[in-house]
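protein_24.txt follows; it contains compact mmCIF, C-alpha atoms.
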# COMPACT_ATOMS: atom_id res chain seq x y z
CA MET A 25 0.00 0.00 0.00
CA ASN A 26 2.83 2.38 0.91
CA GLU A 27 4.42 1.47 -2.38
CA LEU A 28 1.30 2.73 -4.17
CA ILE A 29 1.02 6.02 -2.25
CA ALA A 30 4.72 6.78 -2.87
CA HIS A 31 3.94 6.99 -6.60
CA TYR A 32 0.74 9.05 -6.49
CA ASN A 33 2.33 11.78 -8.63
CA HIS A 34 3.11 9.32 -11.42
CA GLN A 35 -0.32 7.72 -11.22
CA ILE A 36 -2.22 11.00 -11.55
CA VAL A 37 -0.01 12.06 -14.46
CA ILE A 38 -0.69 8.74 -16.20
CA VAL A 39 -4.45 9.18 -15.76
CA LEU A 40 -4.17 12.63 -17.38
CA MET A 41 -2.07 11.18 -20.24
CA CYS A 42 -4.67 8.49 -20.93
CA LEU A 43 -7.46 11.08 -20.99
CA GLY A 44 -5.42 13.05 -23.53
CA ILE A 45 -4.75 10.00 -25.72
CA TYR A 46 -8.42 9.04 -25.58
CA VAL A 47 -9.57 12.50 -26.70
CA ILE A 48 -7.05 12.47 -29.59
CA MET A 49 -8.27 9.08 -30.83
CA ALA A 50 -11.99 9.13 -30.06
CA ARG A 51 -13.08 12.64 -31.01
CA ASP A 52 -13.84 13.47 -34.63
CA ASN A 53 -13.44 17.22 -34.41
CA LEU A 54 -9.92 18.37 -35.36
CA VAL A 55 -9.81 21.25 -32.85
CA LYS A 56 -10.85 18.78 -30.16
CA LYS A 57 -7.99 16.50 -31.16
CA ILE A 58 -5.54 19.38 -30.68
CA MET A 59 -7.07 20.07 -27.26
CA GLY A 60 -6.43 16.42 -26.40
CA LEU A 61 -2.85 16.84 -27.57
CA ASN A 62 -2.50 19.84 -25.21
CA VAL A 63 -3.85 17.83 -22.28
CA PHE A 64 -1.38 15.03 -23.07
CA GLN A 65 1.52 17.43 -23.41
CA ALA A 66 0.86 19.19 -20.09
CA ALA A 67 0.71 15.73 -18.44
CA VAL A 68 4.14 14.81 -19.83
CA ILE A 69 5.55 18.12 -18.59
CA LEU A 70 4.10 17.43 -15.13
CA LEU A 71 5.71 13.97 -15.16
CA TYR A 72 9.16 15.49 -15.62
CA VAL A 73 8.60 18.29 -13.12
CA THR A 74 7.48 15.84 -10.40
CA MET A 75 10.70 13.88 -10.91
CA GLY A 76 12.77 17.01 -10.18
CA ARG A 77 11.22 17.40 -6.74
CA VAL A 78 13.35 16.63 -3.63
CA ASP A 79 11.98 16.08 -0.12
CA GLY A 80 12.38 19.25 1.96
CA GLY A 81 13.79 21.09 -1.03
CA THR A 82 13.06 24.58 -2.27
CA ALA A 83 13.01 26.21 -5.72
CA ALA A 84 16.42 26.24 -7.41
CA ILE A 85 17.11 29.89 -6.60
CA LEU A 86 20.14 30.39 -4.33
CA VAL A 87 19.44 31.47 -0.73
CA ASP A 88 21.90 32.52 1.97
CA ASP A 89 21.50 29.33 4.01
CA PRO A 90 24.47 27.07 3.01
CA GLY A 91 22.64 23.90 4.09
CA ALA A 92 19.60 24.50 1.87
CA THR A 93 18.34 21.69 -0.40
CA TYR A 94 17.31 22.67 -3.91
CA SER A 95 15.04 20.87 -6.35
CA ASN A 96 16.78 19.58 -9.48
CA PRO A 97 16.96 22.41 -12.05
CA LEU A 98 17.56 20.14 -15.06
CA PRO A 99 14.00 18.82 -15.66
CA HIS A 100 12.68 22.35 -15.16
CA VAL A 101 14.97 23.70 -17.87
CA LEU A 102 14.06 20.92 -20.29
CA MET A 103 10.34 21.46 -19.69
CA LEU A 104 10.62 25.22 -20.24
CA THR A 105 11.80 24.35 -23.76
CA ALA A 106 9.06 21.73 -24.17
CA ILE A 107 6.28 24.20 -23.28
CA VAL A 108 7.40 26.71 -25.91
CA VAL A 109 7.85 24.01 -28.56
CA GLY A 110 4.40 22.66 -27.65
CA VAL A 111 2.77 26.00 -28.31
CA ALA A 112 4.55 26.19 -31.69
CA THR A 113 3.11 22.76 -32.56
CA THR A 114 -0.36 23.85 -31.47
CA ALA A 115 -0.15 26.96 -33.65
CA LEU A 116 0.89 24.94 -36.70
CA GLY A 117 -1.88 22.38 -36.12
CA LEU A 118 -4.52 25.08 -35.75
CA ALA A 119 -3.34 26.80 -38.94
CA LEU A 120 -3.79 23.47 -40.74
CA VAL A 121 -7.30 23.20 -39.29
CA VAL A 122 -8.16 26.65 -40.67
CA ARG A 123 -6.99 25.61 -44.14
CA ILE A 124 -8.94 22.34 -43.94
CA GLN A 125 -12.07 24.30 -43.03
CA GLU A 126 -11.50 26.52 -46.09
CA ALA A 127 -11.07 23.58 -48.46
CA PHE A 128 -13.73 21.18 -47.13
CA GLY A 129 -16.16 23.40 -45.23
CA THR A 130 -15.94 21.10 -42.20
CA ILE A 131 -13.44 20.08 -39.53
CA GLU A 132 -15.03 16.75 -38.63
CA ASP A 133 -12.68 13.88 -39.50
CA GLY A 134 -15.42 11.49 -40.70
CA GLU A 135 -17.04 14.06 -43.01
CA ILE A 136 -13.67 14.97 -44.54
CA GLN A 137 -13.01 11.31 -45.31
CA ALA A 138 -16.46 10.95 -46.90
CA LEU A 139 -15.76 14.00 -49.10
CA GLU A 140 -12.37 12.61 -50.09
CA GLU A 141 -13.92 9.31 -51.16
CA GLN A 142 -16.50 11.11 -53.31
CA GLN A 143 -13.61 12.76 -55.14
CA VAL A 144 -12.11 9.50 -56.38
CA PRO A 145 -13.62 8.91 -59.84
CA MET B 26 -1.02 21.53 4.06
CA THR B 27 0.79 20.65 0.85
CA GLY B 28 -1.08 17.35 0.87
CA LEU B 29 -4.43 19.15 0.93
CA ILE B 30 -3.43 21.47 -1.93
CA ASP B 31 -2.23 18.43 -3.88
CA ILE B 32 -5.53 16.61 -3.46
CA VAL B 33 -7.61 19.64 -4.51
CA VAL B 34 -5.42 20.59 -7.50
CA LEU B 35 -5.05 17.03 -8.78
CA SER B 36 -8.76 16.22 -8.58
CA LEU B 37 -9.56 19.50 -10.35
CA LEU B 38 -7.00 18.60 -13.06
CA VAL B 39 -8.63 15.22 -13.67
CA VAL B 40 -12.17 16.68 -13.72
CA THR B 41 -11.10 19.43 -16.14
CA ALA B 42 -9.42 16.94 -18.48
CA VAL B 43 -12.55 14.75 -18.50
CA MET B 44 -14.76 17.75 -19.27
CA VAL B 45 -12.48 18.87 -22.13
CA GLY B 46 -13.25 15.51 -23.74
CA GLN B 47 -16.98 15.61 -23.01
CA LEU B 48 -18.13 19.12 -23.84
CA ARG B 49 -19.70 19.65 -27.29
CA ASN B 50 -19.33 23.42 -27.16
CA LEU B 51 -15.79 24.07 -28.37
CA PHE B 52 -15.55 27.57 -26.86
CA ALA B 53 -16.22 26.11 -23.41
CA ALA B 54 -13.71 23.33 -24.07
CA ALA B 55 -11.08 25.89 -25.13
CA MET B 56 -11.59 27.81 -21.88
CA LEU B 57 -11.26 24.54 -19.96
CA THR B 58 -7.92 23.75 -21.64
CA GLY B 59 -6.75 27.16 -20.41
CA MET B 60 -7.96 26.26 -16.93
CA TYR B 61 -6.18 22.90 -17.17
CA SER B 62 -2.90 24.67 -18.00
CA LEU B 63 -3.40 27.09 -15.12
CA LEU B 64 -4.08 24.24 -12.68
CA SER B 65 -0.97 22.42 -13.82
CA ALA B 66 0.95 25.68 -13.25
CA VAL B 67 -0.42 25.72 -9.68
CA TRP B 68 0.81 22.19 -9.10
CA MET B 69 4.23 23.16 -10.53
CA VAL B 70 4.51 25.90 -7.88
CA VAL B 71 3.80 23.26 -5.22
CA LEU B 72 6.53 21.11 -6.82
CA ASP B 73 9.13 23.92 -6.43
CA ALA B 74 9.24 24.82 -10.12
CA PRO B 75 8.17 28.49 -10.23
CA ASP B 76 9.89 29.20 -13.55
CA VAL B 77 8.08 26.39 -15.34
CA ALA B 78 4.84 27.53 -13.71
CA TYR B 79 5.26 31.09 -15.04
CA THR B 80 5.89 29.82 -18.53
CA GLU B 81 3.00 27.36 -18.44
CA ALA B 82 0.62 30.06 -17.16
CA ALA B 83 1.71 32.60 -19.77
CA VAL B 84 2.26 30.37 -22.79
CA GLY B 85 0.08 27.32 -22.08
CA ALA B 86 -2.90 29.05 -20.52
CA GLY B 87 -2.54 32.35 -22.38
CA ILE B 88 -1.25 32.00 -25.92
CA SER B 89 -2.62 28.49 -26.61
CA THR B 90 -6.11 29.50 -25.52
CA VAL B 91 -6.02 32.66 -27.63
CA LEU B 92 -4.88 30.64 -30.66
CA MET B 93 -7.71 28.15 -30.13
CA LEU B 94 -10.33 30.87 -29.77
CA ALA B 95 -9.03 32.51 -32.96
CA THR B 96 -9.30 29.18 -34.80
CA LEU B 97 -12.82 28.60 -33.50
CA SER B 98 -13.92 32.04 -34.71
CA LEU B 99 -12.70 31.05 -38.21
CA THR B 100 -14.21 27.55 -38.16
CA THR B 101 -17.05 26.32 -35.97
CA GLU B 102 -17.98 26.50 -32.31
CA GLU B 103 -20.09 23.37 -31.99
CA GLU B 104 -18.82 19.81 -32.29
CA ARG B 105 -21.00 17.28 -34.17
CA GLU B 106 -22.96 14.85 -32.04
CA ALA B 107 -20.96 11.64 -31.50
CA SER B 108 -21.01 8.73 -29.09
CA LEU B 109 -19.26 9.51 -25.80
CA ILE B 110 -17.58 6.12 -25.43
CA GLU B 111 -15.67 4.75 -28.41
CA PRO B 112 -14.64 1.16 -27.58
CA GLY B 113 -11.48 1.00 -29.74
CA PRO B 114 -9.76 4.16 -28.45
CA LEU B 115 -10.92 3.43 -24.90
CA PHE B 116 -9.30 -0.01 -25.07
CA VAL B 117 -5.99 1.40 -26.38
CA ALA B 118 -5.96 4.18 -23.77
CA LEU B 119 -6.71 1.77 -20.92
CA ILE B 120 -4.03 -0.72 -22.02
CA THR B 121 -1.46 2.07 -22.33
CA GLY B 122 -2.44 3.36 -18.91
CA ALA B 123 -2.20 -0.09 -17.32
CA VAL B 124 1.28 -0.71 -18.76
CA LEU B 125 2.49 2.71 -17.63
CA LEU B 126 1.01 2.23 -14.14
CA TYR B 127 2.80 -1.10 -13.85
CA ALA B 128 6.04 0.62 -14.91
CA THR B 129 5.75 3.27 -12.16
CA LEU B 130 6.43 0.58 -9.56
CA ASP B 131 10.04 0.57 -10.78
CA MET B 132 10.36 4.34 -10.52
CA PRO B 133 12.05 5.96 -7.51
CA ARG B 134 9.71 7.19 -4.75
CA PHE B 135 8.24 10.72 -5.14
CA GLY B 136 10.80 13.21 -3.73
CA ASP B 137 13.50 10.60 -3.10
CA PRO B 138 16.79 12.57 -2.81
CA SER B 139 18.90 9.55 -3.83
CA SER B 140 17.05 8.77 -7.08
CA PRO B 141 19.28 8.63 -10.19
CA ILE B 142 17.95 11.91 -11.58
CA HIS B 143 19.44 13.82 -8.62
CA THR B 144 22.87 12.18 -8.55
CA HIS B 145 24.37 12.90 -11.97
CA VAL B 146 24.37 16.03 -14.08
CA GLY B 147 21.66 17.84 -12.05
CA ALA B 148 23.78 17.67 -8.89
CA MET B 149 26.79 18.91 -10.85
CA TYR B 150 24.86 21.97 -12.01
CA LEU B 151 23.74 22.71 -8.44
CA GLU B 152 27.34 22.46 -7.21
CA ARG B 153 29.14 24.38 -9.94
CA ALA B 154 26.70 27.00 -11.24
CA PRO B 155 27.08 29.42 -8.27
CA HIS B 156 30.85 29.76 -8.93
CA GLU B 157 30.93 29.32 -12.71
CA ILE B 158 27.93 31.41 -13.75
CA GLY B 159 27.18 33.57 -10.72
CA VAL B 160 23.44 33.93 -11.33
CA PRO B 161 21.29 33.27 -8.25
CA ASN B 162 18.53 31.62 -10.30
CA LEU B 163 20.05 28.26 -11.20
CA ILE B 164 17.38 27.53 -13.83
CA THR B 165 18.41 30.65 -15.74
CA ALA B 166 22.06 29.63 -15.37
CA VAL B 167 21.46 26.16 -16.82
CA LEU B 168 19.05 27.37 -19.52
CA ALA B 169 21.20 30.18 -20.88
CA SER B 170 24.67 28.86 -20.24
CA TYR B 171 25.14 25.09 -19.78
CA ARG B 172 22.30 24.27 -22.15
CA GLY B 173 22.43 27.26 -24.43
CA TYR B 174 22.32 25.02 -27.50
CA ASP B 175 18.95 23.62 -26.36
CA THR B 176 17.60 27.14 -26.31
CA LEU B 177 19.07 27.78 -29.75
CA GLY B 178 17.33 24.65 -31.04
CA GLU B 179 14.08 25.76 -29.41
CA THR B 180 14.32 29.12 -31.16
CA THR B 181 14.85 27.29 -34.47
CA VAL B 182 11.71 25.21 -33.89
CA VAL B 183 9.64 28.28 -33.02
CA PHE B 184 10.96 30.08 -36.11
CA THR B 185 10.13 27.11 -38.34
CA ALA B 186 6.62 26.91 -36.87
CA ALA B 187 6.11 30.65 -37.43
CA VAL B 188 7.21 30.32 -41.06
CA GLY B 189 4.88 27.33 -41.47
CA VAL B 190 1.88 29.13 -39.98
CA LEU B 191 2.50 32.19 -42.17
CA ALA B 192 2.88 30.05 -45.29
CA LEU B 193 -0.33 28.16 -44.49
CA LEU B 194 -2.46 31.18 -43.70
CA THR B 195 -1.28 33.49 -46.49
CA ALA B 196 -1.33 30.97 -49.36
CA PRO B 197 -4.22 31.48 -51.83
CA PRO B 198 -7.28 29.40 -50.92
CA LEU B 199 -7.61 25.96 -52.53
CA ASP B 200 -10.66 23.77 -53.05
CA ARG B 201 -10.62 20.18 -51.90
CA ARG B 202 -9.00 18.87 -55.09
CA GLY B 203 -6.03 21.10 -54.30
CA LEU B 204 -6.88 23.48 -57.17
CA PRO B 205 -7.30 27.24 -56.79
CA PHE B 206 -10.88 28.40 -56.25
CA ARG B 207 -12.51 29.46 -59.53
CA ARG B 208 -14.08 32.84 -59.14
CA THR B 209 -15.59 35.27 -61.63
CA ALA B 210 -12.97 36.70 -63.97
CA SER B 211 -13.01 40.26 -62.58
CA LEU B 212 -12.66 39.08 -58.99
CA ASP B 213 -9.92 36.63 -59.92
CA THR B 214 -7.51 39.30 -61.14
CA SER B 215 -8.03 41.52 -58.09
CA MET B 216 -7.62 38.54 -55.75
CA ALA B 217 -4.50 37.17 -57.37
CA SER B 218 -2.14 39.69 -55.82
CA GLN B 219 -3.74 39.49 -52.40
CA SER B 220 -3.03 37.03 -49.67
CA THR B 221 -6.19 36.33 -47.74
CA LEU B 222 -7.04 34.63 -44.48
CA GLY B 223 -10.76 34.04 -44.64
CA GLY B 224 -10.86 33.68 -48.42
CA ASP B 225 -12.56 37.03 -48.96
CA GLY B 226 -10.35 40.07 -49.34
CA SER B 227 -12.60 42.11 -51.58
CA LEU B 228 -13.59 44.66 -48.91
CA PRO B 229 -10.34 46.71 -48.83
CA GLN B 230 -10.34 46.84 -52.64
CA THR B 231 -13.77 48.46 -52.87
CA SER B 232 -13.07 50.96 -50.09
CA LEU B 233 -9.86 51.98 -51.89
CA ALA B 234 -11.83 52.51 -55.09
CA ASP B 235 -14.38 54.62 -53.19
CA ASP B 236 -11.60 56.84 -51.83
CA GLU B 237 -10.31 57.43 -55.31
CA VAL B 238 -13.77 58.40 -56.48
CA ALA B 239 -14.13 60.81 -53.55
CA THR B 240 -10.89 62.64 -54.27
Encoded form using structure tokens:
Amino acid sequence: MNELIAHYNHQIVIVLMCLGIYVIMARDNLVKKIMGLNVFQAAVILLYVTMGRVDGGTAAILVDDPGATYSNPLPHVLMLTAIVVGVATTALGLALVVRIQEAFGTIEDGEIQALEEQQVP
Amino acid sequence: MTGLIDIVVLSLLVVTAVMVGQLRNLFAAAMLTGMYSLLSAVWMVVLDAPDVAYTEAAVGAGISTVLMLATLSLTTEEEREASLIEPGPLFVALITGAVLLYATLDMPRFGDPSSPIHTHVGAMYLERAPHEIGVPNLITAVLASYRGYDTLGETTVVFTAAVGVLALLTAPPLDRRGLPFRRTASLDTSMASQSTLGGDGSLPQTSLADDEVAT
């Protein structure tokens, strides 16, 4: 039981990841798929940030106390990069959605596929 | 105290993520993704990562939400009716989750100071950055100095994405066969030189003509 509670951070993050994956796969609407991708991405970022945490630690900003424990700055730095790259991906995906709406008049995956099949002579 | 905040924030995160999947109204879902980012920023503050929390709150909750709202204003705000539970995706998501949950049992305990992540390069940064870089904020020191190339690569990715978005949004509109829209001949010539977003750029042209008539 203790073993399970010691990993509660990982477990919650995995639940969030699965919700994100499910939304990406199950929803037909393209904007909704990108929202699912955002949920998934924030969950991955949280996974890394929880790993950088140290018991009794503080934020990695130097204080006068020489005996202070700091959380690990490395995952934080990597995730700062990941957040910005994630927003760039979101922007590109949404721009594609706008173009798809222009060309097909819909952003529902199933309807787009039906239109594509009509095209084939 | 931290335990209580954890419980509240984490349950709100899960509820928000579920509602993002369920809601049919896309504007409401977009606002909820912003809320989800903000809640994850709150949990990052609890996890001693204020810098990541700032960025997530500004970029994840701010810019992403604005981009989504802009897209929705150009497309549609209501999702088509669909079944809430899709068996195939649900199965894949549950299997993935079960495998990952099993794998967590091999991970070091939450907050364990002796876990591998804290004993290699991270510890070296904590030890050396105060003398070598001299910036009190160690995250800034690592980001801008030890891992400056990461930041350079990040800038490249953002630049590429910006170029891609501009190319996508300013290209002339195509129909679904990938051919340019056929318009009436007079409109076609005036549209050819113009890059349009919504596919209709005729308004500025007429107002310009009116001005010329007035003078």
Atomic separation - CA of Tyr150 (chain B) relative to CA of Tyr171 (chain B), Å:
8.4 Å
Please identify all residues of chain A having at least one atom at most 6 Å from any atom of chain B, considering only C-alpha atoms, and return them as an NGL selection string.
:A and (30-31 or 42 or 46-47 or 49-50 or 77-79 or 82-86 or 96-98 or 101 or 104 or 112 or 116 or 119 or 127-128)
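Shortest atom-to-atom contact with Ser95 (chain A) among A:Gly44, A:Gly129, A:Gly76, A:Gly110: A:Gly76, counting all atoms listed in the file.
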For the atom pair CA of Leu177 (chain B) and CA of Ile58 (chain A), what is the interatomic distance in Å to one decimal place?
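Result for CA of Leu177 (chain B) versus CA of Ile58 (chain A): 26.0 Å, one decimal.
The smallest atom-to-atom distance between Gly87 (chain B) and any of A:Gln65, A:Met75, A:Pro99, A:Val111, using only C-alpha atoms, is found for A:Val111.
Here CA of Phe64 (chain A) stands at a distance of 4.8 Å from CA of Met41 (chain A).
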